[in-house]
$ cat query.csv   # CSV, C-alpha atoms
chain,number,residue,atom,x,y,z
A,505,MET,CA,-126.2,-136.9,125.2
A,506,SER,CA,-123.3,-136.8,127.6
A,507,TYR,CA,-122.9,-133.0,127.6
A,508,ASN,CA,-124.9,-130.0,128.8
A,509,ALA,CA,-126.6,-129.0,125.5
A,510,GLU,CA,-128.2,-125.9,127.2
A,511,GLU,CA,-124.7,-124.5,127.8
A,512,LEU,CA,-123.3,-125.6,124.5
A,513,ASN,CA,-125.6,-125.4,121.5
A,514,VAL,CA,-123.6,-127.5,119.0
A,515,GLN,CA,-125.9,-126.7,116.2
A,516,ASP,CA,-125.2,-123.0,116.6
A,517,GLY,CA,-121.5,-123.6,117.0
A,518,LEU,CA,-121.3,-125.8,113.9
A,519,GLU,CA,-123.2,-123.1,111.9
A,520,TYR,CA,-120.4,-120.7,112.7
A,521,SER,CA,-117.9,-123.4,111.8
A,522,MET,CA,-119.6,-123.9,108.4
A,523,ASP,CA,-120.7,-127.4,109.5
A,524,ASN,CA,-117.1,-128.6,109.6
A,525,VAL,CA,-116.9,-130.8,112.6
A,526,ASP,CA,-113.1,-131.0,112.6
A,527,PHE,CA,-112.8,-127.3,112.4
A,528,TYR,CA,-115.4,-126.9,115.3
A,529,LYS,CA,-113.2,-129.3,117.4
A,530,GLU,CA,-110.2,-127.1,116.8
A,531,ILE,CA,-112.1,-123.9,117.6
A,532,LEU,CA,-113.4,-125.4,120.8
A,533,GLU,CA,-109.8,-126.2,121.9
A,534,THR,CA,-108.6,-122.7,120.9
A,535,TYR,CA,-111.6,-121.3,122.8
A,536,MET,CA,-110.7,-123.1,126.0
A,537,GLU,CA,-107.0,-122.2,125.9
A,538,GLU,CA,-107.8,-118.6,125.1
A,539,THR,CA,-110.5,-118.2,127.7
A,540,VAL,CA,-108.2,-119.6,130.5
A,541,ASP,CA,-105.7,-116.9,129.6
A,542,GLN,CA,-108.4,-114.2,129.4
A,543,ILE,CA,-109.8,-115.1,132.8
A,544,LYS,CA,-106.3,-114.8,134.3
A,545,GLN,CA,-105.8,-111.4,132.9
A,546,MET,CA,-109.3,-110.3,134.0
A,547,ASP,CA,-108.5,-111.4,137.6
A,548,MET,CA,-105.4,-109.2,137.4
A,549,TYR,CA,-107.3,-106.2,136.0
A,550,LEU,CA,-110.1,-106.7,138.6
A,551,ASP,CA,-107.5,-106.5,141.4
A,552,SER,CA,-106.4,-103.1,140.2
A,553,ASP,CA,-110.0,-102.0,139.3
A,554,ASN,CA,-108.9,-101.4,135.7
A,555,MET,CA,-112.4,-101.5,134.2
A,556,PRO,CA,-111.5,-100.4,130.6
A,557,GLU,CA,-109.1,-103.4,130.2
A,558,TYR,CA,-111.5,-105.7,132.0
A,559,ALA,CA,-114.2,-104.6,129.5
A,560,THR,CA,-112.0,-105.4,126.5
A,561,LEU,CA,-111.3,-108.9,127.8
A,562,VAL,CA,-114.8,-109.7,128.8
A,563,HIS,CA,-115.9,-108.5,125.4
A,564,ALA,CA,-113.6,-111.1,123.8
A,565,VAL,CA,-115.0,-113.8,126.0
A,566,LYS,CA,-118.5,-112.8,124.9
A,567,SER,CA,-117.7,-112.9,121.2
A,568,GLY,CA,-115.8,-116.2,121.5
A,569,SER,CA,-118.6,-117.8,123.5
A,570,ARG,CA,-121.2,-116.8,121.0
A,571,LEU,CA,-119.1,-118.3,118.1
A,572,ILE,CA,-118.8,-121.7,119.7
A,573,GLY,CA,-122.5,-121.9,120.6
A,574,ALA,CA,-122.3,-120.9,124.3
A,575,SER,CA,-124.7,-118.0,124.0
A,576,LYS,CA,-125.9,-118.2,127.7
A,577,LEU,CA,-122.3,-117.5,128.8
A,578,GLY,CA,-122.1,-114.9,126.1
A,579,GLU,CA,-125.0,-113.1,127.6
A,580,GLU,CA,-123.5,-113.1,131.1
A,581,ALA,CA,-120.2,-111.8,129.7
A,582,PHE,CA,-122.2,-109.1,127.8
A,583,THR,CA,-123.8,-107.9,131.1
A,584,LEU,CA,-120.3,-107.6,132.7
A,585,GLU,CA,-119.0,-105.9,129.6
A,586,GLN,CA,-121.7,-103.3,129.9
A,587,LYS,CA,-121.2,-102.8,133.6
A,588,SER,CA,-117.4,-102.5,133.3
A,589,LYS,CA,-117.8,-100.0,130.5
A,590,GLU,CA,-120.0,-98.0,132.8
A,591,GLY,CA,-117.2,-98.2,135.4
A,592,ASP,CA,-119.4,-100.1,137.8
A,593,ALA,CA,-116.5,-101.9,139.6
A,594,ALA,CA,-118.8,-103.0,142.5
A,595,PHE,CA,-121.1,-104.9,140.2
A,596,VAL,CA,-118.1,-106.5,138.4
A,597,HIS,CA,-116.5,-107.5,141.6
A,598,ALA,CA,-119.7,-109.1,142.8
A,599,ASN,CA,-120.3,-111.1,139.6
A,600,HIS,CA,-116.9,-112.0,138.3
A,601,ASP,CA,-116.8,-115.3,140.2
A,602,SER,CA,-120.1,-116.3,138.9
A,603,LEU,CA,-118.8,-115.7,135.3
A,604,LYS,CA,-115.8,-117.9,136.2
A,605,ALA,CA,-118.0,-120.7,137.5
A,606,HIS,CA,-120.1,-120.4,134.3
A,607,VAL,CA,-117.0,-120.7,132.2
A,608,ASP,CA,-116.2,-124.0,134.0
A,609,VAL,CA,-119.7,-125.3,133.3
A,610,VAL,CA,-119.2,-124.5,129.6
A,611,PHE,CA,-115.7,-126.1,129.6
A,612,GLU,CA,-117.3,-129.3,131.1
A,613,ALA,CA,-119.9,-129.2,128.3
A,614,ILE,CA,-117.2,-128.9,125.7
A,615,LYS,CA,-115.2,-131.7,127.2
A,616,GLY,CA,-118.3,-133.9,127.2
A,617,TYR,CA,-119.1,-133.1,123.6
A,618,LEU,CA,-115.5,-133.7,122.5
A,619,ALA,CA,-115.6,-137.1,124.3
A,620,GLU,CA,-118.9,-138.0,122.7
A,621,ILE,CA,-117.6,-137.4,119.1
A,622,SER,CA,-114.2,-138.9,119.6
B,1335,MET,CA,-109.1,-105.8,80.3
B,1336,SER,CA,-108.2,-108.2,83.1
B,1337,GLY,CA,-108.2,-107.3,86.7
B,1338,PHE,CA,-111.7,-106.1,87.0
B,1339,ASP,CA,-113.4,-109.5,87.4
B,1340,ASP,CA,-112.4,-112.8,89.0
B,1341,LYS,CA,-111.4,-114.5,85.8
B,1342,GLN,CA,-107.9,-115.8,85.5
B,1343,ASN,CA,-106.1,-115.7,82.2
B,1344,VAL,CA,-104.7,-118.9,80.7
B,1345,LEU,CA,-102.5,-118.7,77.6
B,1346,ILE,CA,-102.6,-121.7,75.3
B,1347,ALA,CA,-99.5,-121.9,73.1
B,1348,CYS,CA,-100.3,-124.1,70.1
B,1349,LYS,CA,-99.9,-124.2,66.4
B,1350,SER,CA,-102.6,-126.7,65.5
B,1351,LYS,CA,-106.3,-126.1,65.3
B,1352,GLY,CA,-108.4,-129.2,66.0
B,1353,TYR,CA,-111.1,-130.7,68.0
B,1354,LEU,CA,-108.8,-131.3,71.0
B,1355,ILE,CA,-107.8,-127.6,71.1
B,1356,SER,CA,-111.4,-126.4,70.9
B,1357,ASN,CA,-112.3,-128.9,73.6
B,1358,LEU,CA,-109.4,-127.6,75.8
B,1359,VAL,CA,-110.6,-124.0,75.3
B,1360,GLU,CA,-114.2,-125.0,76.0
B,1361,GLN,CA,-113.3,-126.9,79.2
B,1362,PHE,CA,-111.2,-124.0,80.5
B,1363,GLU,CA,-114.0,-121.6,79.8
B,1364,LYS,CA,-116.4,-123.8,81.7
B,1365,GLU,CA,-114.1,-123.4,84.7
B,1366,ASP,CA,-114.4,-119.6,84.2
B,1367,TYR,CA,-111.0,-118.9,82.8
B,1368,ARG,CA,-110.3,-116.4,80.1
B,1369,ILE,CA,-108.3,-118.0,77.2
B,1370,THR,CA,-105.8,-116.5,74.8
B,1371,GLN,CA,-104.5,-118.8,72.1
B,1372,ALA,CA,-100.9,-117.9,71.1
B,1373,SER,CA,-99.8,-119.4,67.8
B,1374,SER,CA,-97.1,-116.8,67.1
B,1375,MET,CA,-95.0,-114.0,68.5
B,1376,ALA,CA,-97.4,-111.5,66.9
B,1377,VAL,CA,-100.2,-112.7,69.2
B,1378,MET,CA,-98.0,-112.6,72.2
B,1379,ASN,CA,-96.9,-109.1,71.5
B,1380,LYS,CA,-100.5,-107.9,71.3
B,1381,ASN,CA,-101.4,-109.6,74.6
B,1382,THR,CA,-101.2,-107.2,77.5
B,1383,ASP,CA,-103.2,-109.2,80.0
B,1384,HIS,CA,-101.6,-110.6,83.1
B,1385,ILE,CA,-101.1,-114.3,82.6
B,1386,ASN,CA,-102.0,-116.7,85.3
B,1387,ALA,CA,-100.9,-119.9,83.6
B,1388,CYS,CA,-99.7,-121.2,80.2
B,1389,VAL,CA,-100.4,-124.5,78.5
B,1390,LEU,CA,-97.8,-125.6,75.9
B,1391,TYR,CA,-99.7,-127.8,73.6
B,1392,LEU,CA,-96.8,-129.4,71.8
B,1393,ASP,CA,-96.4,-130.4,68.2
B,1394,GLU,CA,-93.6,-130.4,65.7
B,1395,GLU,CA,-94.3,-126.9,64.6
B,1396,LEU,CA,-94.4,-125.4,68.1
B,1397,LEU,CA,-91.1,-127.1,68.9
B,1398,GLU,CA,-89.5,-125.5,65.9
B,1399,ASP,CA,-90.6,-122.0,67.0
B,1400,SER,CA,-87.9,-121.7,69.6
B,1401,GLN,CA,-88.4,-117.9,69.6
B,1402,LEU,CA,-92.0,-118.3,70.9
B,1403,LEU,CA,-90.9,-120.8,73.5
B,1404,ILE,CA,-88.1,-118.6,74.7
B,1405,TYR,CA,-90.5,-115.7,74.9
B,1406,ILE,CA,-93.0,-117.7,77.0
B,1407,ARG,CA,-90.2,-119.0,79.2
B,1408,ASP,CA,-88.9,-115.5,79.9
B,1409,LYS,CA,-92.4,-114.2,80.6
B,1410,ALA,CA,-93.1,-117.1,83.0
B,1411,THR,CA,-89.9,-116.4,84.8
B,1412,GLU,CA,-90.6,-112.7,85.0
B,1413,GLU,CA,-94.3,-112.9,86.0
B,1414,GLY,CA,-94.0,-116.1,88.0
B,1415,PHE,CA,-96.8,-118.1,86.3
B,1416,PRO,CA,-96.6,-121.9,85.9
B,1417,LEU,CA,-96.3,-123.8,82.6
B,1418,PHE,CA,-98.3,-126.9,81.8
B,1419,VAL,CA,-96.8,-129.1,79.0
B,1420,VAL,CA,-98.9,-131.5,76.9
B,1421,GLY,CA,-97.1,-133.7,74.4
B,1422,ASP,CA,-95.5,-137.1,73.6
B,1423,PRO,CA,-92.7,-138.1,75.9
B,1424,THR,CA,-90.1,-137.3,73.2
B,1425,GLU,CA,-91.7,-133.8,72.6
B,1426,ILE,CA,-91.7,-133.1,76.3
B,1427,GLU,CA,-88.1,-134.2,76.5
B,1428,SER,CA,-87.1,-131.8,73.7
B,1429,THR,CA,-88.7,-128.8,75.4
B,1430,ARG,CA,-86.3,-129.2,78.3
B,1431,LYS,CA,-83.5,-127.5,76.4
B,1432,ILE,CA,-85.5,-124.3,76.7
B,1433,ILE,CA,-88.1,-124.7,79.4
B,1434,THR,CA,-86.5,-125.2,82.8
B,1435,PRO,CA,-88.2,-127.7,85.1
B,1436,ASN,CA,-88.8,-125.2,87.9
B,1437,LEU,CA,-91.3,-123.4,85.6
B,1438,VAL,CA,-93.3,-126.5,84.9
B,1439,GLY,CA,-96.4,-127.1,87.1
B,1440,ARG,CA,-97.4,-130.4,85.5
B,1441,GLU,CA,-96.6,-132.5,82.4
B,1442,PHE,CA,-99.3,-134.5,80.6
B,1443,GLN,CA,-98.3,-137.3,78.2
B,1444,ARG,CA,-100.5,-138.1,75.2
B,1445,PRO,CA,-103.0,-139.6,74.9
B,1446,VAL,CA,-104.6,-137.1,77.3
B,1447,ASP,CA,-108.1,-136.7,78.7
B,1448,ILE,CA,-108.7,-133.0,78.1
B,1449,LYS,CA,-111.1,-132.7,80.9
B,1450,ALA,CA,-108.7,-134.2,83.3
B,1451,VAL,CA,-105.9,-131.9,82.1
B,1452,VAL,CA,-108.1,-128.8,82.8
B,1453,GLY,CA,-109.1,-130.3,86.2
B,1454,GLU,CA,-105.4,-130.8,87.1
B,1455,VAL,CA,-104.4,-127.2,86.0
B,1456,HIS,CA,-107.4,-125.8,87.9
B,1457,LYS,CA,-106.4,-127.7,91.1
B,1458,TYR,CA,-102.8,-126.7,90.7
B,1459,LEU,CA,-103.7,-123.0,90.4
B,1460,LEU,CA,-106.0,-123.2,93.4
B,1461,GLU,CA,-103.2,-124.8,95.5
B,1462,HIS,CA,-100.3,-122.8,94.3
B,1463,VAL,CA,-101.4,-119.4,93.0
B,1464,GLY,CA,-103.0,-118.1,96.1
B,1465,ILE,CA,-101.2,-114.9,95.5
B,1466,GLU,CA,-103.6,-114.1,92.7
B,1467,ARG,CA,-106.5,-114.2,95.2
B,1468,LYS,CA,-107.4,-111.0,96.9
B,1469,ILE,CA,-105.6,-110.7,100.2
B,1470,ILE,CA,-107.6,-109.9,103.4
B,1471,LEU,CA,-105.9,-109.1,106.6
B,1472,ALA,CA,-108.1,-110.0,109.6
B,1473,VAL,CA,-107.3,-108.2,112.9
B,1474,ASP,CA,-108.8,-109.4,116.1
B,1475,ASP,CA,-107.5,-110.2,119.6
B,1476,SER,CA,-109.6,-113.3,119.7
B,1477,GLY,CA,-108.1,-116.5,118.1
B,1478,VAL,CA,-111.5,-118.0,117.9
B,1479,MET,CA,-112.7,-115.0,115.8
B,1480,LEU,CA,-109.6,-115.0,113.6
B,1481,ASN,CA,-109.7,-118.7,112.8
B,1482,SER,CA,-113.4,-118.4,112.1
B,1483,ILE,CA,-112.9,-115.6,109.7
B,1484,LYS,CA,-110.2,-117.7,107.9
B,1485,ASN,CA,-112.6,-120.6,107.8
B,1486,TRP,CA,-115.4,-118.5,106.3
B,1487,LEU,CA,-113.3,-116.7,103.7
B,1488,GLY,CA,-110.2,-118.8,103.2
B,1489,ASP,CA,-111.4,-120.8,100.2
B,1490,LYS,CA,-111.9,-117.7,98.1
B,1491,TYR,CA,-109.5,-115.2,99.5
B,1492,GLN,CA,-106.0,-115.3,100.9
B,1493,VAL,CA,-106.6,-114.5,104.6
B,1494,LEU,CA,-103.8,-113.2,106.8
B,1495,LEU,CA,-104.2,-113.0,110.5
B,1496,ALA,CA,-103.0,-110.5,113.1
B,1497,ASP,CA,-104.0,-110.8,116.8
B,1498,SER,CA,-103.2,-107.2,117.8
B,1499,GLY,CA,-103.2,-103.7,116.3
B,1500,LEU,CA,-99.4,-103.6,116.3
B,1501,MET,CA,-99.1,-106.9,114.5
B,1502,ALA,CA,-101.6,-105.6,111.9
B,1503,VAL,CA,-99.5,-102.5,111.2
B,1504,LYS,CA,-96.4,-104.7,110.9
B,1505,SER,CA,-98.1,-107.1,108.6
B,1506,ILE,CA,-99.3,-104.3,106.3
B,1507,THR,CA,-95.8,-103.1,105.8
B,1508,ILE,CA,-94.7,-106.7,104.7
B,1509,THR,CA,-97.8,-107.6,102.6
B,1510,ARG,CA,-100.2,-105.0,101.4
B,1511,PRO,CA,-103.7,-106.4,101.7
B,1512,ASP,CA,-106.6,-105.6,99.4
B,1513,LEU,CA,-108.9,-105.3,102.5
B,1514,ILE,CA,-108.5,-105.1,106.2
B,1515,ILE,CA,-111.2,-106.5,108.5
B,1516,LEU,CA,-110.5,-104.8,111.8
B,1517,ASP,CA,-111.8,-105.5,115.2
B,1518,TYR,CA,-113.1,-102.3,116.8
B,1519,GLU,CA,-112.4,-103.3,120.4
B,1520,MET,CA,-108.9,-104.6,121.2
B,1521,PRO,CA,-106.5,-104.1,124.1
B,1522,VAL,CA,-103.5,-101.8,123.9
B,1523,VAL,CA,-104.0,-100.5,120.3
B,1524,ASP,CA,-107.7,-100.6,119.4
B,1525,GLY,CA,-109.2,-100.6,116.0
B,1526,LYS,CA,-109.8,-96.8,116.0
B,1527,GLN,CA,-106.0,-96.3,116.5
B,1528,VAL,CA,-105.0,-98.8,113.9
B,1529,LEU,CA,-107.3,-97.1,111.4
B,1530,ALA,CA,-105.7,-93.7,112.2
B,1531,MET,CA,-102.2,-95.2,111.7
B,1532,ILE,CA,-103.2,-96.7,108.3
B,1533,ARG,CA,-104.8,-93.4,107.2
B,1534,SER,CA,-101.8,-91.4,108.2
B,1535,GLU,CA,-99.4,-93.4,106.0
B,1536,ARG,CA,-99.5,-92.2,102.4
B,1537,ASP,CA,-98.7,-95.7,101.0
B,1538,PHE,CA,-101.5,-97.4,103.0
B,1539,ALA,CA,-104.1,-94.7,103.3
B,1540,ASP,CA,-106.2,-96.1,100.4
B,1541,ILE,CA,-106.4,-99.7,101.7
B,1542,PRO,CA,-110.0,-100.3,102.5
B,1543,VAL,CA,-110.9,-101.1,106.1
B,1544,ILE,CA,-114.1,-102.7,107.3
B,1545,PHE,CA,-114.7,-102.7,111.0
B,1546,LEU,CA,-115.8,-105.8,112.9
B,1547,THR,CA,-117.9,-104.8,115.8
B,1548,GLY,CA,-120.0,-106.5,118.4
B,1549,ARG,CA,-121.9,-103.4,119.2
B,1550,GLN,CA,-125.2,-103.1,117.4
B,1551,ASP,CA,-126.9,-100.1,118.9
B,1552,LYS,CA,-127.4,-97.1,116.7
B,1553,GLU,CA,-125.1,-94.9,118.8
B,1554,SER,CA,-122.2,-97.3,118.6
B,1555,ILE,CA,-122.6,-97.8,114.9
B,1556,MET,CA,-122.7,-94.0,114.4
B,1557,ASP,CA,-119.4,-93.8,116.4
B,1558,VAL,CA,-117.8,-96.4,114.2
B,1559,MET,CA,-119.1,-94.8,111.0
B,1560,GLU,CA,-117.7,-91.4,112.0
B,1561,LEU,CA,-114.2,-92.9,111.5
B,1562,LYS,CA,-115.2,-93.3,107.8
B,1563,PRO,CA,-114.4,-97.0,107.4
B,1564,ASP,CA,-115.4,-98.7,104.1
B,1565,GLY,CA,-118.0,-100.7,105.9
B,1566,TYR,CA,-118.7,-102.6,109.1
B,1567,LEU,CA,-119.5,-106.2,109.9
B,1568,LEU,CA,-121.4,-107.3,113.0
B,1569,LYS,CA,-119.9,-110.1,115.0
B,1570,THR,CA,-123.3,-111.7,115.2
B,1571,MET,CA,-123.5,-112.1,111.5
B,1572,LYS,CA,-123.7,-115.6,110.2
B,1573,PRO,CA,-120.8,-116.9,108.0
B,1574,PHE,CA,-122.8,-116.9,104.8
B,1575,ALA,CA,-123.8,-113.2,105.4
B,1576,VAL,CA,-120.2,-112.2,106.0
B,1577,ARG,CA,-119.1,-114.0,102.8
B,1578,GLN,CA,-121.8,-112.3,100.8
B,1579,TYR,CA,-120.9,-108.9,102.3
B,1580,ILE,CA,-117.2,-109.3,101.4
B,1581,ASP,CA,-117.9,-110.6,97.9
B,1582,GLU,CA,-120.2,-107.7,97.2
B,1583,PHE,CA,-117.7,-105.3,98.7
B,1584,PHE,CA,-115.0,-106.4,96.2
B,1585,ILE,CA,-117.5,-106.4,93.2
B,1586,LYS,CA,-118.4,-102.8,94.0
B,1587,ARG,CA,-114.8,-101.7,94.7
B,1588,ASP,CA,-113.5,-103.3,91.5
B,1589,ALA,CA,-116.3,-101.6,89.5
B,1590,GLN,CA,-115.4,-98.3,91.1
B,1591,LEU,CA,-111.7,-98.7,90.3
B,1592,LYS,CA,-112.5,-99.6,86.7
B,1593,SER,CA,-114.7,-96.5,86.3
B,1594,ASN,CA,-112.0,-94.3,87.8
B,1595,LEU,CA,-109.4,-95.7,85.4
B,1596,LEU,CA,-111.7,-95.2,82.4
B,1597,ARG,CA,-112.4,-91.6,83.5
B,1598,LYS,CA,-108.6,-91.0,83.8
B,1599,SER,CA,-107.9,-92.4,80.3
B,1600,LYS,CA,-110.5,-90.1,78.6
$ encode --input "query.csv" --output "structure tokens"
Amino acid sequence: MSYNAEELNVQDGLEYSMDNVDFYKEILETYMEETVDQIKQMDMYLDSDNMPEYATLVHAVKSGSRLIGASKLGEEAFTLEQKSKEGDAAFVHANHDSLKAHVDVVFEAIKGYLAEIS
Amino acid sequence: MSGFDDKQNVLIACKSKGYLISNLVEQFEKEDYRITQASSMAVMNKNTDHINACVLYLDEELLEDSQLLIYIRDKATEEGFPLFVVGDPTEIESTRKIITPNLVGREFQRPVDIKAVVGEVHKYLLEHVGIERKIILAVDDSGVMLNSIKNWLGDKYQVLLADSGLMAVKSITITRPDLIILDYEMPVVDGKQVLAMIRSERDFADIPVIFLTGRQDKESIMDVMELKPDGYLLKTMKPFAVRQYIDEFFIKRDAQLKSNLLRKSK
């Protein structure tokens, strides 16, 4: 296996894609494009300490991650969602980079999986 | 009687009664269609059901009944259902004086395999008559979620997508959906605001709305339910559970609409 299966549970992701591999591939690509955009916006909202908008975006990252089978990243996003909803900007500032690094790890796993099946 | 179940109505215009016609009816019924056989104007006049497709099973007698053919042609033009013509090449050719080609979905030249004819009509209706399927508008700021919903429900329902609350409101004014699946948490205009907008417009107030929420705790669900949506789906639900929920929702709603209509007619 050429990808990190702990970060990308393909079985879970395929279940949400109704076992349609082609659809799963499309969803993984949509996920990567969308998450890059969401992270950029989160960076911006973090700079202005806008916790409600940050919460909405990290909530979307959480849902998307769970749907593709990246539940570990989903859990980390969930913690940040909770904290941003509580208005705990200090916690969010301290952990946002870790979330971004985690997103990169998941992206690598996705790329590895896509290379394996192509 | 139609409209309260998933069955589509197929009209078979024919004068003859034989094994092939009975087989045609039987094969359509196996595919879960409701069949009306129209041999005369009298039958057509009694039929008040919405027609989803019409098979013209040609023979000399039917070709001579130009009044019936014209009536079917006008009804097909008015209601937008396709015609399927079964006959010899010369019979098919002679219908063209009345039946315009744009109304014809498929032509089948004799000798025909009845099962294959029904299969082709079924396939055509699935591909072309999506409008007869219930329309669901899915609203979510996540493209991953939207595409997943379409993948889960798209074979049975016509699924329209909106990636923001504002786009949802715009979409509703263009195409009225039978159901809205609405994300609770979205930026700018959230699900709660979209629901309030829908409920405040007289023309849209009765469109059912089901919330899609990632929040499972009792307090959050109580918050969602206070807005009186027609139901809620959890984002953690598996595709088969979502499909089952939506199917059951429509079965219950159709039964409720039917009972309301019956009550009104008494």
$ residues_around --input "query.csv" --residues "region 613-619 of chain A" --least-positions-apart "4" --cutoff "6 Å" --atoms "only C-alpha atoms" --output "PyMOL selection string"
chain A and resi 506-508
$ closest_atom_pairs --input "query.csv" --of "chain B" --to "chain A" --cutoff "10 Å" --atoms "only C-alpha atoms" --output "CSV"
residue,atom,partner,partner_atom,distance
B:Asp1474,CA,A:Ala564,CA,9.2
B:Asp1475,CA,A:Ala564,CA,7.5
B:Ser1476,CA,A:Ala564,CA,6.1
B:Gly1477,CA,A:Thr534,CA,6.8
B:Val1478,CA,A:Gly568,CA,5.9
B:Met1479,CA,A:Gly568,CA,6.6
B:Asn1481,CA,A:Ile531,CA,7.5
B:Ser1482,CA,A:Ser521,CA,6.7
B:Ile1483,CA,A:Ser521,CA,9.5
B:Asn1485,CA,A:Ser521,CA,7.2
B:Trp1486,CA,A:Met522,CA,7.2
B:Glu1519,CA,A:Thr560,CA,6.5
B:Met1520,CA,A:Thr560,CA,6.2
B:Pro1521,CA,A:Thr560,CA,6.1
B:Val1522,CA,A:Glu557,CA,8.6
B:Asp1524,CA,A:Thr560,CA,9.6
B:Thr1547,CA,A:Ser567,CA,9.7
B:Gly1548,CA,A:Ser567,CA,7.4
B:Lys1569,CA,A:Ser567,CA,7.1
B:Thr1570,CA,A:Arg570,CA,8.0
B:Met1571,CA,A:Tyr520,CA,9.2
B:Lys1572,CA,A:Tyr520,CA,6.6
B:Pro1573,CA,A:Tyr520,CA,6.1
B:Phe1574,CA,A:Met522,CA,8.5
$ atom_distance --input "query.csv" --atom1 "CA of Gly1421 (chain B)" --atom2 "CA of Tyr1391 (chain B)"
6.5 Å
$ residues_near_point --input "query.csv" --point "(-100.4, -113.6, 86.0)" --cutoff "9 Å" --atoms "all atoms listed in the file" --output "PyMOL selection string"
chain B and resi 1342-1344+1383-1387+1410+1413-1415+1466
